[in-house]
Each structure stands twice: as structure tokens, then as C-alpha cells.
file my_file-v8.cif (mmCIF, C-alpha atoms)
data_run
loop_
_atom_site.group_PDB
_atom_site.id
_atom_site.type_symbol
_atom_site.label_atom_id
_atom_site.label_comp_id
_atom_site.auth_asym_id
_atom_site.auth_seq_id
_atom_site.Cartn_x
_atom_site.Cartn_y
_atom_site.Cartn_z
ATOM 1 C CA MET A 1279 125.485 76.674 -36.416
ATOM 2 C CA ASP A 1280 126.703 80.191 -35.588
ATOM 3 C CA ASN A 1281 129.914 80.452 -37.603
ATOM 4 C CA GLN A 1282 131.253 83.453 -35.712
ATOM 5 C CA ALA A 1283 130.794 81.704 -32.373
ATOM 6 C CA GLU A 1284 132.486 78.589 -33.766
ATOM 7 C CA VAL A 1285 135.481 80.597 -34.985
ATOM 8 C CA ARG A 1286 135.754 82.566 -31.753
ATOM 9 C CA ASP A 1287 135.651 79.534 -29.473
ATOM 10 C CA PHE A 1288 137.925 77.436 -31.671
ATOM 11 C CA LEU A 1289 140.670 80.078 -31.848
ATOM 12 C CA ARG A 1290 140.391 80.896 -28.160
ATOM 13 C CA THR A 1291 140.680 77.260 -27.060
ATOM 14 C CA ARG A 1292 143.661 76.689 -29.381
ATOM 15 C CA ARG A 1293 145.388 79.848 -28.109
ATOM 16 C CA ASP A 1294 144.843 78.841 -24.496
ATOM 17 C CA ARG A 1295 146.470 75.491 -25.204
ATOM 18 C CA VAL A 1296 149.855 76.812 -26.404
ATOM 19 C CA THR A 1297 152.304 77.907 -23.722
ATOM 20 C CA PRO A 1298 154.881 80.671 -24.275
ATOM 21 C CA GLU A 1299 157.625 78.090 -23.815
ATOM 22 C CA GLN A 1300 156.211 75.964 -26.643
ATOM 23 C CA ALA A 1301 156.077 79.023 -28.876
ATOM 24 C CA GLY A 1302 159.634 80.083 -28.010
ATOM 25 C CA ILE A 1303 158.540 83.264 -26.216
ATOM 26 C CA VAL A 1304 160.574 84.400 -23.222
ATOM 27 C CA THR A 1305 158.397 85.851 -20.490
ATOM 28 C CA GLY A 1306 159.234 87.636 -17.297
ATOM 29 C CA GLY A 1307 157.374 86.933 -14.092
ATOM 30 C CA ARG A 1308 154.202 85.023 -13.539
ATOM 31 C CA ARG A 1309 151.282 85.100 -15.963
ATOM 32 C CA ARG A 1310 147.639 84.932 -15.027
ATOM 33 C CA LEU A 1311 146.857 82.362 -17.736
ATOM 34 C CA PRO A 1312 149.110 79.623 -19.167
ATOM 35 C CA GLY A 1313 148.284 80.195 -22.850
ATOM 36 C CA LEU A 1314 149.398 82.785 -25.351
ATOM 37 C CA ARG A 1315 148.149 86.353 -25.392
ATOM 38 C CA ARG A 1316 146.442 87.692 -28.494
ATOM 39 C CA GLU A 1317 149.328 89.998 -29.331
ATOM 40 C CA GLU A 1318 151.738 87.069 -29.070
ATOM 41 C CA VAL A 1319 149.693 85.030 -31.536
ATOM 42 C CA ALA A 1320 149.618 88.013 -33.881
ATOM 43 C CA MET A 1321 153.392 88.399 -33.659
ATOM 44 C CA LEU A 1322 153.988 84.706 -34.350
ATOM 45 C CA ALA A 1323 151.594 84.765 -37.309
ATOM 46 C CA GLY A 1324 153.065 87.958 -38.764
ATOM 47 C CA MET A 1325 149.944 90.106 -38.516
ATOM 48 C CA SER A 1326 148.780 93.096 -36.512
ATOM 49 C CA SER A 1327 147.186 92.618 -33.117
ATOM 50 C CA ASP A 1328 144.026 94.351 -34.310
ATOM 51 C CA TYR A 1329 143.713 92.004 -37.285
ATOM 52 C CA TYR A 1330 144.075 88.898 -35.144
ATOM 53 C CA ALA A 1331 141.661 90.315 -32.561
ATOM 54 C CA LYS A 1332 139.091 90.704 -35.358
ATOM 55 C CA MET A 1333 139.608 87.083 -36.344
ATOM 56 C CA GLU A 1334 139.265 85.839 -32.793
ATOM 57 C CA ARG A 1335 136.014 87.770 -32.467
ATOM 58 C CA GLY A 1336 134.761 85.361 -35.125
ATOM 59 C CA ASN A 1337 135.245 87.356 -38.305
ATOM 60 C CA LEU A 1338 137.100 85.369 -40.974
ATOM 61 C CA ALA A 1339 135.509 87.192 -43.902
ATOM 62 C CA GLY A 1340 138.139 87.938 -46.532
ATOM 63 C CA VAL A 1341 140.969 86.117 -44.722
ATOM 64 C CA SER A 1342 143.280 84.474 -47.259
ATOM 65 C CA PRO A 1343 144.411 80.840 -47.135
ATOM 66 C CA GLU A 1344 147.998 82.059 -46.620
ATOM 67 C CA VAL A 1345 147.008 84.005 -43.513
ATOM 68 C CA LEU A 1346 145.078 80.999 -42.218
ATOM 69 C CA ASP A 1347 148.138 78.795 -42.696
ATOM 70 C CA ALA A 1348 150.330 81.318 -40.859
ATOM 71 C CA LEU A 1349 147.833 81.365 -38.005
ATOM 72 C CA ALA A 1350 147.751 77.556 -37.954
ATOM 73 C CA ARG A 1351 151.532 77.478 -37.575
ATOM 74 C CA ALA A 1352 151.447 80.069 -34.800
ATOM 75 C CA LEU A 1353 148.821 78.088 -32.890
ATOM 76 C CA ARG A 1354 150.600 74.779 -33.593
ATOM 77 C CA LEU A 1355 147.502 73.263 -35.178
ATOM 78 C CA ASP A 1356 147.645 69.705 -36.467
ATOM 79 C CA ASP A 1357 146.345 68.656 -39.891
ATOM 80 C CA ALA A 1358 142.778 68.143 -38.710
ATOM 81 C CA GLU A 1359 142.683 71.490 -36.905
ATOM 82 C CA THR A 1360 144.201 73.333 -39.870
ATOM 83 C CA GLU A 1361 141.648 71.808 -42.205
ATOM 84 C CA HIS A 1362 138.878 72.741 -39.764
ATOM 85 C CA LEU A 1363 140.066 76.363 -39.690
ATOM 86 C CA HIS A 1364 139.927 76.518 -43.482
ATOM 87 C CA HIS A 1365 136.421 75.042 -43.471
ATOM 88 C CA LEU A 1366 135.291 77.691 -40.987
ATOM 89 C CA ALA A 1367 136.767 80.388 -43.218
ATOM 90 C CA ARG A 1368 134.979 79.011 -46.280
ATOM 91 C CA ALA A 1369 131.694 79.058 -44.380
ATOM 92 C CA ALA A 1370 132.338 82.734 -43.570
ATOM 93 C CA ASN A 1371 132.984 83.489 -47.255
ATOM 94 C CA PRO A 1372 130.189 81.749 -49.172
ATOM 95 C CA SER A 1373 130.580 81.844 -52.925
ATOM 96 C CA PRO A 1374 127.425 82.880 -54.801
ATOM 97 C CA SER A 1375 128.511 80.786 -57.774
ATOM 98 C CA ARG A 1376 128.961 77.622 -55.747
ATOM 99 C CA ARG A 1377 126.914 74.667 -56.961
ATOM 100 C CA ARG A 1378 123.892 73.723 -54.986
ATOM 101 C CA ALA A 1379 124.751 70.839 -52.661
ATOM 102 C CA ARG A 1380 123.385 67.479 -53.706
ATOM 103 C CA PRO A 1381 120.674 66.027 -51.469
ATOM 104 C CA ALA A 1382 122.051 63.746 -48.791
ATOM 105 C CA GLN A 1383 121.714 60.061 -49.639
ATOM 106 C CA SER A 1384 121.193 57.227 -47.227
ATOM 107 C CA THR A 1385 120.911 54.247 -49.579
ATOM 108 C CA VAL A 1386 123.982 52.286 -50.627
ATOM 109 C CA ARG A 1387 123.928 51.174 -54.256
ATOM 110 C CA PRO A 1388 123.838 47.395 -54.817
ATOM 111 C CA SER A 1389 127.342 47.200 -56.303
ATOM 112 C CA LEU A 1390 128.789 48.862 -53.205
ATOM 113 C CA GLN A 1391 126.932 46.430 -50.970
ATOM 114 C CA ARG A 1392 128.318 43.536 -53.019
ATOM 115 C CA PHE A 1393 131.800 44.975 -52.523
ATOM 116 C CA LEU A 1394 131.260 44.990 -48.766
ATOM 117 C CA ASP A 1395 129.936 41.438 -48.812
ATOM 118 C CA ALA A 1396 133.006 40.280 -50.754
ATOM 119 C CA ILE A 1397 135.156 41.239 -47.733
ATOM 120 C CA THR A 1398 134.834 38.035 -45.736
ATOM 121 C CA GLY A 1399 137.821 38.132 -43.395
ATOM 122 C CA ALA A 1400 137.215 41.461 -41.675
ATOM 123 C CA PRO A 1401 134.268 43.536 -40.466
ATOM 124 C CA ALA A 1402 133.586 46.336 -42.969
ATOM 125 C CA TRP A 1403 130.879 48.978 -43.090
ATOM 126 C CA ILE A 1404 129.945 52.413 -44.432
ATOM 127 C CA VAL A 1405 129.016 55.467 -42.367
ATOM 128 C CA ASN A 1406 128.032 59.006 -43.252
ATOM 129 C CA GLN A 1407 129.255 62.246 -41.686
ATOM 130 C CA ARG A 1408 126.583 62.010 -38.977
ATOM 131 C CA ALA A 1409 127.940 58.600 -37.859
ATOM 132 C CA ASP A 1410 124.900 56.746 -39.230
ATOM 133 C CA ILE A 1411 125.776 53.187 -40.214
ATOM 134 C CA LEU A 1412 124.482 52.842 -43.769
ATOM 135 C CA ALA A 1413 125.643 49.342 -44.739
ATOM 136 C CA THR A 1414 127.641 46.430 -43.318
ATOM 137 C CA ASN A 1415 129.030 43.117 -44.403
ATOM 138 C CA PRO A 1416 127.826 40.082 -42.403
ATOM 139 C CA LEU A 1417 130.844 40.120 -40.094
ATOM 140 C CA ALA A 1418 130.368 43.797 -39.270
ATOM 141 C CA ARG A 1419 126.674 43.165 -38.663
ATOM 142 C CA ALA A 1420 127.627 40.546 -36.095
ATOM 143 C CA LEU A 1421 130.339 42.723 -34.535
ATOM 144 C CA LEU A 1422 128.087 45.776 -34.203
ATOM 145 C CA ALA A 1423 124.992 43.858 -33.130
ATOM 146 C CA PRO A 1424 124.815 45.475 -29.639
ATOM 147 C CA MET A 1425 124.580 48.858 -31.379
ATOM 148 C CA LEU A 1426 122.447 47.925 -34.378
ATOM 149 C CA ASP A 1427 119.949 46.015 -32.234
ATOM 150 C CA ASP A 1428 119.440 48.982 -29.877
ATOM 151 C CA PRO A 1429 116.312 50.792 -31.136
ATOM 152 C CA ASP A 1430 117.152 54.004 -29.264
ATOM 153 C CA THR A 1431 120.433 54.570 -31.122
ATOM 154 C CA ARG A 1432 118.865 54.283 -34.609
ATOM 155 C CA ASN A 1433 122.045 52.820 -36.136
ATOM 156 C CA ASN A 1434 124.060 55.860 -35.071
ATOM 157 C CA THR A 1435 127.386 55.333 -33.323
ATOM 158 C CA ALA A 1436 127.363 58.728 -31.582
ATOM 159 C CA ARG A 1437 123.933 58.070 -30.051
ATOM 160 C CA PHE A 1438 125.134 54.642 -28.938
ATOM 161 C CA ILE A 1439 128.296 56.014 -27.322
ATOM 162 C CA PHE A 1440 126.638 58.861 -25.433
ATOM 163 C CA LEU A 1441 123.097 57.617 -24.806
ATOM 164 C CA SER A 1442 123.333 53.844 -24.337
ATOM 165 C CA PRO A 1443 124.627 52.382 -21.041
ATOM 166 C CA ALA A 1444 125.777 49.343 -23.035
ATOM 167 C CA ALA A 1445 128.419 51.446 -24.783
ATOM 168 C CA ARG A 1446 130.667 51.586 -21.713
ATOM 169 C CA THR A 1447 130.923 47.804 -21.789
ATOM 170 C CA PHE A 1448 131.149 47.515 -25.568
ATOM 171 C CA TYR A 1449 133.997 50.066 -25.646
ATOM 172 C CA PRO A 1450 136.451 49.239 -22.799
ATOM 173 C CA GLN A 1451 138.243 52.506 -23.603
ATOM 174 C CA TRP A 1452 135.006 54.463 -23.533
ATOM 175 C CA GLU A 1453 136.605 57.821 -22.708
ATOM 176 C CA HIS A 1454 138.722 57.643 -25.847
ATOM 177 C CA ALA A 1455 135.742 56.557 -27.944
ATOM 178 C CA ALA A 1456 133.663 59.443 -26.584
ATOM 179 C CA GLU A 1457 136.358 62.034 -27.274
ATOM 180 C CA ALA A 1458 136.835 60.701 -30.801
ATOM 181 C CA SER A 1459 133.103 60.689 -31.502
ATOM 182 C CA ALA A 1460 132.608 64.300 -30.401
ATOM 183 C CA ALA A 1461 135.681 65.396 -32.357
ATOM 184 C CA ASN A 1462 134.429 63.604 -35.482
ATOM 185 C CA LEU A 1463 131.093 65.409 -35.263
ATOM 186 C CA ARG A 1464 132.858 68.752 -34.711
ATOM 187 C CA THR A 1465 134.931 68.094 -37.841
ATOM 188 C CA ALA A 1466 131.818 67.206 -39.832
ATOM 189 C CA ALA A 1467 130.036 70.332 -38.608
ATOM 190 C CA GLY A 1468 132.931 72.495 -39.801
ATOM 191 C CA ARG A 1469 132.730 70.934 -43.246
ATOM 192 C CA ASN A 1470 128.945 71.086 -43.437
ATOM 193 C CA PRO A 1471 127.659 73.943 -41.259
ATOM 194 C CA ARG A 1472 124.287 73.967 -43.041
ATOM 195 C CA ASP A 1473 123.504 70.267 -42.571
ATOM 196 C CA LYS A 1474 120.271 70.407 -40.576
ATOM 197 C CA ALA A 1475 120.226 66.703 -39.747
ATOM 198 C CA LEU A 1476 123.755 66.992 -38.353
ATOM 199 C CA SER A 1477 122.835 70.077 -36.323
ATOM 200 C CA ASP A 1478 119.761 68.288 -34.987
ATOM 201 C CA LEU A 1479 121.882 65.312 -33.911
ATOM 202 C CA ILE A 1480 124.384 67.570 -32.141
ATOM 203 C CA GLY A 1481 121.540 69.404 -30.414
ATOM 204 C CA GLU A 1482 119.977 66.128 -29.306
ATOM 205 C CA LEU A 1483 123.248 64.846 -27.857
ATOM 206 C CA ALA A 1484 124.019 68.159 -26.135
ATOM 207 C CA THR A 1485 120.561 68.143 -24.539
ATOM 208 C CA ARG A 1486 120.583 64.526 -23.440
ATOM 209 C CA SER A 1487 124.250 63.916 -22.532
ATOM 210 C CA ASP A 1488 126.426 65.982 -20.203
ATOM 211 C CA ALA A 1489 129.372 63.829 -21.303
ATOM 212 C CA PHE A 1490 128.850 64.951 -24.880
ATOM 213 C CA SER A 1491 128.381 68.610 -23.914
ATOM 214 C CA ARG A 1492 131.699 68.667 -22.052
ATOM 215 C CA ARG A 1493 133.569 67.197 -24.990
ATOM 216 C CA TRP A 1494 131.773 69.354 -27.534
ATOM 217 C CA SER A 1495 132.810 72.512 -25.677
ATOM 218 C CA ALA A 1496 136.486 71.510 -26.038
ATOM 219 C CA HIS A 1497 136.268 72.239 -29.808
ATOM 220 C CA ASP A 1498 138.554 69.311 -30.626
ATOM 221 C CA VAL A 1499 138.606 67.968 -34.196
ATOM 222 C CA ARG A 1500 140.244 64.946 -35.790
ATOM 223 C CA LEU A 1501 140.770 63.087 -39.049
ATOM 224 C CA HIS A 1502 139.167 59.672 -38.666
ATOM 225 C CA ARG A 1503 141.345 57.574 -40.962
ATOM 226 C CA THR A 1504 143.293 54.977 -39.015
ATOM 227 C CA GLY A 1505 143.866 53.845 -35.456
ATOM 228 C CA THR A 1506 143.337 51.107 -32.888
ATOM 229 C CA LYS A 1507 139.959 50.108 -31.511
ATOM 230 C CA HIS A 1508 139.188 47.910 -28.496
ATOM 231 C CA ILE A 1509 135.795 46.224 -28.318
ATOM 232 C CA HIS A 1510 134.230 43.850 -25.808
ATOM 233 C CA HIS A 1511 131.702 41.741 -27.660
ATOM 234 C CA PRO A 1512 129.131 39.899 -25.527
ATOM 235 C CA ALA A 1513 129.482 36.706 -27.583
ATOM 236 C CA VAL A 1514 133.252 36.378 -28.072
ATOM 237 C CA GLY A 1515 134.919 38.676 -25.535
ATOM 238 C CA ASP A 1516 137.724 41.198 -25.943
ATOM 239 C CA LEU A 1517 138.835 42.241 -29.425
ATOM 240 C CA GLU A 1518 141.645 44.518 -30.579
ATOM 241 C CA PHE A 1519 141.550 45.891 -34.114
ATOM 242 C CA VAL A 1520 143.508 48.207 -36.340
ATOM 243 C CA TYR A 1521 141.082 50.132 -38.501
ATOM 244 C CA GLU A 1522 141.435 51.903 -41.816
ATOM 245 C CA GLY A 1523 138.962 54.438 -43.148
ATOM 246 C CA VAL A 1524 138.603 55.370 -46.816
ATOM 247 C CA GLU A 1525 136.537 58.285 -48.103
ATOM 248 C CA LEU A 1526 134.077 57.516 -50.902
ATOM 249 C CA PRO A 1527 134.447 60.319 -53.474
ATOM 250 C CA ASP A 1528 131.045 59.698 -55.069
ATOM 251 C CA HIS A 1529 129.372 60.352 -51.719
ATOM 252 C CA PRO A 1530 130.895 63.319 -49.852
ATOM 253 C CA GLY A 1531 130.959 62.593 -46.137
ATOM 254 C CA TRP A 1532 130.724 58.816 -46.536
ATOM 255 C CA MET A 1533 133.548 56.597 -45.324
ATOM 256 C CA MET A 1534 134.187 52.875 -45.533
ATOM 257 C CA PHE A 1535 135.866 51.271 -42.538
ATOM 258 C CA ALA A 1536 137.510 47.881 -42.218
ATOM 259 C CA TYR A 1537 138.716 46.376 -38.939
ATOM 260 C CA THR A 1538 141.634 43.952 -39.167
ATOM 261 C CA SER A 1539 143.544 41.952 -36.578
ATOM 262 C CA ALA A 1540 147.077 40.581 -36.389
ATOM 263 C CA ALA A 1541 147.623 37.123 -37.831
ATOM 264 C CA GLY A 1542 147.608 34.471 -35.131
ATOM 265 C CA SER A 1543 146.257 36.841 -32.497
ATOM 266 C CA PRO A 1544 143.428 36.001 -30.093
ATOM 267 C CA THR A 1545 141.318 38.575 -31.901
ATOM 268 C CA GLU A 1546 141.734 36.762 -35.218
ATOM 269 C CA ASP A 1547 140.469 33.544 -33.627
ATOM 270 C CA ARG A 1548 137.561 35.319 -31.945
ATOM 271 C CA VAL A 1549 136.536 37.067 -35.163
ATOM 272 C CA LYS A 1550 136.432 33.677 -36.887
ATOM 273 C CA LEU A 1551 134.266 32.404 -34.038
ATOM 274 C CA LEU A 1552 132.023 35.451 -34.373
ATOM 275 C CA GLY A 1553 131.632 34.736 -38.075
ATOM 276 C CA SER A 1554 130.709 31.118 -37.373
ATOM 277 C CA LEU A 1555 128.161 32.144 -34.746
ATOM 278 C CA ALA A 1556 126.635 34.677 -37.140
ATOM 279 C CA ALA A 1557 126.420 32.107 -39.935
ATOM 280 C CA THR A 1558 124.813 29.554 -37.613
ATOM 281 C CA GLN A 1559 122.276 32.102 -36.453
ATOM 282 C CA ALA A 1560 121.477 33.086 -40.032
ATOM 283 C CA ASP A 1561 120.964 29.421 -40.992
ATOM 284 C CA ALA A 1562 118.672 28.911 -38.013
ATOM 285 C CA GLN A 1563 116.542 31.867 -39.065
ATOM 286 C CA ASP A 1564 116.158 30.657 -42.669
ATOM 287 C CA PRO A 1565 113.245 28.216 -43.012
ATOM 288 C CA ALA A 1566 114.117 24.810 -44.391
ATOM 289 C CA PRO A 1567 112.901 24.230 -47.968
ATOM 290 C CA VAL A 1568 109.598 22.399 -48.169
ATOM 291 C CA SER A 1569 109.740 19.155 -50.191
ATOM 292 C CA GLN A 1570 107.244 18.892 -52.997
ATOM 293 C CA PRO A 1571 105.367 15.702 -53.679
ATOM 294 C CA GLY A 1572 107.529 13.241 -55.558
ATOM 295 C CA GLU A 1573 110.813 14.841 -54.433
ATOM 296 C CA THR A 1574 113.396 12.813 -52.525
#
call {"tool": "encode", "arguments": {"input": "my_file-v8.cif", "output": "C-alpha cells"}}
result
Amino acid sequence: MDNQAEVRDFLRTRRDRVTPEQAGIVTGGRRRLPGLRREEVAMLAGMSSDYYAKMERGNLAGVSPEVLDALARALRLDDAETEHLHHLARAANPSPSRRRARPAQSTVRPSLQRFLDAITGAPAWIVNQRADILATNPLARALLAPMLDDPDTRNNTARFIFLSPAARTFYPQWEHAAEASAANLRTAAGRNPRDKALSDLIGELATRSDAFSRRWSAHDVRLHRTGTKHIHHPAVGDLEFVYEGVELPDHPGWMMFAYTSAAGSPTEDRVKLLGSLAATQADAQDPAPVSQPGET
């Protein structure tokens, strides 16, 4: 992606979001726009107006981490937005001595799959930075069946959310899921601006989904680590989970998610039912052993 355009649009949208009142700036009279002016951001960040104007034009070359942190405070950025700003700056200042990136992997090693399968009381799965589902335990396979069985989504949650009509039923809070998905991809793009497969996915979604394009243009980012997720499963009904996400250090960009429910809740009972249905279906698909002559 065009790093300068990313920087320019990100800083402009963050500046437009902060009001003078939030920043503690006293103004006189009416203002044409609700956000901060460039010179006000520069004052709050302790830099010259010309220097900030250069940054907002998309030029972060040579900007120090300390200056970035001062700008983050001035624009009231959260942790995800601050991290995103630093990633954009690193992309603008490539190091010639940086190691060549390892090729992206899509195969989960057997020991990691066994670890997933050992989690029997909660759906658990692994995704990469492009939102491709790489591996699941049996309960997650049953939970995500409407997505995994859709050939058009190719095991990708972002494609499912924005391109499949079934997603609006599967996610009762679809608007929230859509905003989170676009923000997750924006975060991943800031970390990996040269990932062609990620850029291709973003281009595909922007071309095929107006809903994605609107959310992508907001330049929102987020850290996808914990939260609440509501799902309507066609077999067992409404489910409410708390999820936890853990990064896998051996595979940059990979995360393992586990969805848990409160003890004694309707969701806990329905997840148990889902597991039973999945086990019954698996047994029905396995052929019965054929008896050999002389066996009883």
C-alpha cells in the first residue's frame, strides 16, 4: 500500500476526531470544522506547525519514536492507534540491515494441532493476519461450520462477514463484527505493508463490498485480544462468548482464539449440545468396521 497516503489519511482522521474541548483548548466563536487545526496539534505535541504539516502530508521519514509518542498523546490515540502509528513510521524508514522476512506459512504443525484438540470444553482455533482460519479443534469446527462450509469465503472470516449474506444471521451484532474485521485488517496492513496476499484480500473486499469500503476509509485500528462475541448458530441457537486471543511468537501474525462461556449459562448448555451433535455427525460419517471371517 501507499505508505504516505496511509499516514496522511490516518493522521487527518484522528485530528478530525478530537475536539478543542477534549484537548483543553479555549476557542472563540464558531469553527468551520469540529476537530483540531494542524497548528493546534503541533502546539499540543510540542513541535513546529511546519514539522507537523510535513508529517500529515505523509512524510514520517526520520521521525523519532519520542516525537511519535508526543503526537499520539496530542491526538489522544489509544494503544492500538499508537502502535499503528509506529508501524507506519517503521515502514517509512526501512532498515537496509533488516532480516529478510520469512515466507508466510499456512500449515499448522502436528503438535500445535494436538494442543488445539486437547481443548475439549471450548471452541479454539488459529488464524493468521489475513483472517484465514488455519486450524480448529472439533468444537470450533462445529461452531464455525456456516463459515467453513461456504466455498466462497475460502475459510476467511473477513470474506464471510462482508461477502456472505449468511453472516448477518450468524453474527446478530453484525455491524460490530464488520467494524472489528475492517479494523483488524487495517492493523495487519500497518504491520505488514508489503504482504501481497493481504493487499489482494483488501482490494478484493473493497471492490466487492461497499460496507467494507466505508469502514476501511475510517482508518480505525484495534488490538484483537479479548472481548465478547454473539453468535447465532443454526443448530443450537444464540450463543454469547467471552474470547481470549494469544499471539503465537513462532509464527508472526498468527493468533490462537478460545471462546468460553459462563458456568451454568444457556450458552454452556448449548455448546455441550453442539459438541454432542458434532460427535454424532462424525460417528455417522465413519464407516462401521467390517467383520472378518471367524470374528464375533
call {"tool": "closest_residue", "arguments": {"input": "my_file-v8.cif", "among": "A:Leu1426, A:Ala1556, A:Leu1517, A:His1365", "to": "Gly1468 in chain A", "atoms": "only C-alpha atoms"}}
result
A:His1365
call {"tool": "atom_distance", "arguments": {"input": "my_file-v8.cif", "atom1": "CA of Glu1318 in chain A", "atom2": "CA of Gln1300 in chain A"}}
result
12.2 Å
call {"tool": "residues_around", "arguments": {"input": "my_file-v8.cif", "residues": "Ile1411 in chain A", "least_positions_apart": "3", "cutoff": "12 Å", "atoms": "all atoms listed in the file", "output": "ChimeraX atom specification"}}
result
/A:1384-1386,1402-1408,1414-1415,1418-1419,1422-1423,1425-1426,1431-1438,1532-1535
call {"tool": "residues_around", "arguments": {"input": "my_file-v8.cif", "residues": "Leu1349 in chain A", "least_positions_apart": "4", "cutoff": "8 Å", "atoms": "all atoms listed in the file", "output": "number ranges by chain"}}
result
A: 1319, 1322-1323, 1345, 1353
call {"tool": "residues_around", "arguments": {"input": "my_file-v8.cif", "residues": "Leu1555 in chain A", "least_positions_apart": "3", "cutoff": "12 Å", "atoms": "all atoms listed in the file", "output": "list in words"}}
result
Pro1416, Leu1417, Arg1419, Ala1420, Leu1421, Ala1513, Val1514, Arg1548, Val1549, Lys1550, Leu1551, Leu1552, Thr1558, Gln1559, Ala1560, Asp1561 and Ala1562 of chain A
call {"tool": "resolve_selection", "arguments": {"input": "my_file-v8.cif", "expression": "the PyMOL selection byres ((chain A and resi 1441-1446) around 8)", "output": "PDB file with C-alpha atoms, keeping the file's coordinate frame"}}
result
ATOM      1  CA  PRO A1424     124.815  45.475 -29.639  1.00  0.00           C
ATOM      2  CA  ASP A1430     117.152  54.004 -29.264  1.00  0.00           C
ATOM      3  CA  THR A1431     120.433  54.570 -31.122  1.00  0.00           C
ATOM      4  CA  ARG A1437     123.933  58.070 -30.051  1.00  0.00           C
ATOM      5  CA  PHE A1438     125.134  54.642 -28.938  1.00  0.00           C
ATOM      6  CA  ILE A1439     128.296  56.014 -27.322  1.00  0.00           C
ATOM      7  CA  PHE A1440     126.638  58.861 -25.433  1.00  0.00           C
ATOM      8  CA  THR A1447     130.923  47.804 -21.789  1.00  0.00           C
ATOM      9  CA  PHE A1448     131.149  47.515 -25.568  1.00  0.00           C
ATOM     10  CA  TYR A1449     133.997  50.066 -25.646  1.00  0.00           C
ATOM     11  CA  PRO A1450     136.451  49.239 -22.799  1.00  0.00           C
ATOM     12  CA  GLN A1451     138.243  52.506 -23.603  1.00  0.00           C
ATOM     13  CA  TRP A1452     135.006  54.463 -23.533  1.00  0.00           C
ATOM     14  CA  LEU A1483     123.248  64.846 -27.857  1.00  0.00           C
ATOM     15  CA  ARG A1486     120.583  64.526 -23.440  1.00  0.00           C
ATOM     16  CA  SER A1487     124.250  63.916 -22.532  1.00  0.00           C
TER      17      SER A1487
END
call {"tool": "atom_distance", "arguments": {"input": "my_file-v8.cif", "atom1": "CA of Val1520 in chain A", "atom2": "CA of Ser1539 in chain A"}}
result
6.3 Å
call {"tool": "residues_around", "arguments": {"input": "my_file-v8.cif", "residues": "Ala1460 in chain A", "least_positions_apart": "4", "cutoff": "7 Å", "atoms": "all atoms listed in the file", "output": "ChimeraX atom specification"}}
result
/A:1456,1464,1490,1493-1494
call {"tool": "atom_distance", "arguments": {"input": "my_file-v8.cif", "atom1": "CA of Leu1314 in chain A", "atom2": "CA of Arg1351 in chain A"}}
result
13.5 Å
call {"tool": "resolve_selection", "arguments": {"input": "my_file-v8.cif", "expression": "the PyMOL selection byres ((chain A and resi 1283-1293) around 9)", "output": "ChimeraX atom specification"}}
result
/A:1279-1282,1294-1297,1313-1316,1319,1333-1338,1353-1355,1363,1366-1367,1468,1495-1498
call {"tool": "resolve_selection", "arguments": {"input": "my_file-v8.cif", "expression": "the PyMOL selection byres ((chain A and resi 1364) around 10)", "output": "list in words"}}
result
Leu1338, Val1341, Ser1342, Pro1343, Leu1346, Asp1347, Ala1350, Glu1359, Thr1360, Glu1361, His1362, Leu1363, His1365, Leu1366, Ala1367, Arg1368, Ala1369, Ala1370, Gly1468 and Arg1469 of chain A
call {"tool": "residues_around", "arguments": {"input": "my_file-v8.cif", "residues": "range 1500-1504 of chain A", "least_positions_apart": "2", "cutoff": "8 Å", "atoms": "all atoms listed in the file", "output": "PyMOL selection string"}}
result
chain A and resi 1357-1359+1458+1461-1462+1465+1498+1506+1520-1524
call {"tool": "closest_residue", "arguments": {"input": "my_file-v8.cif", "among": "A:Gly1399, A:Gly1505, A:Gly1542, A:Gly1324", "to": "Ala1455 in chain A", "atoms": "only C-alpha atoms"}}
result
A:Gly1505
call {"tool": "closest_residue", "arguments": {"input": "my_file-v8.cif", "among": "A:Arg1387, A:Arg1392, A:Thr1545, A:Leu1412", "to": "Ile1509 in chain A", "atoms": "only C-alpha atoms"}}
result
A:Thr1545
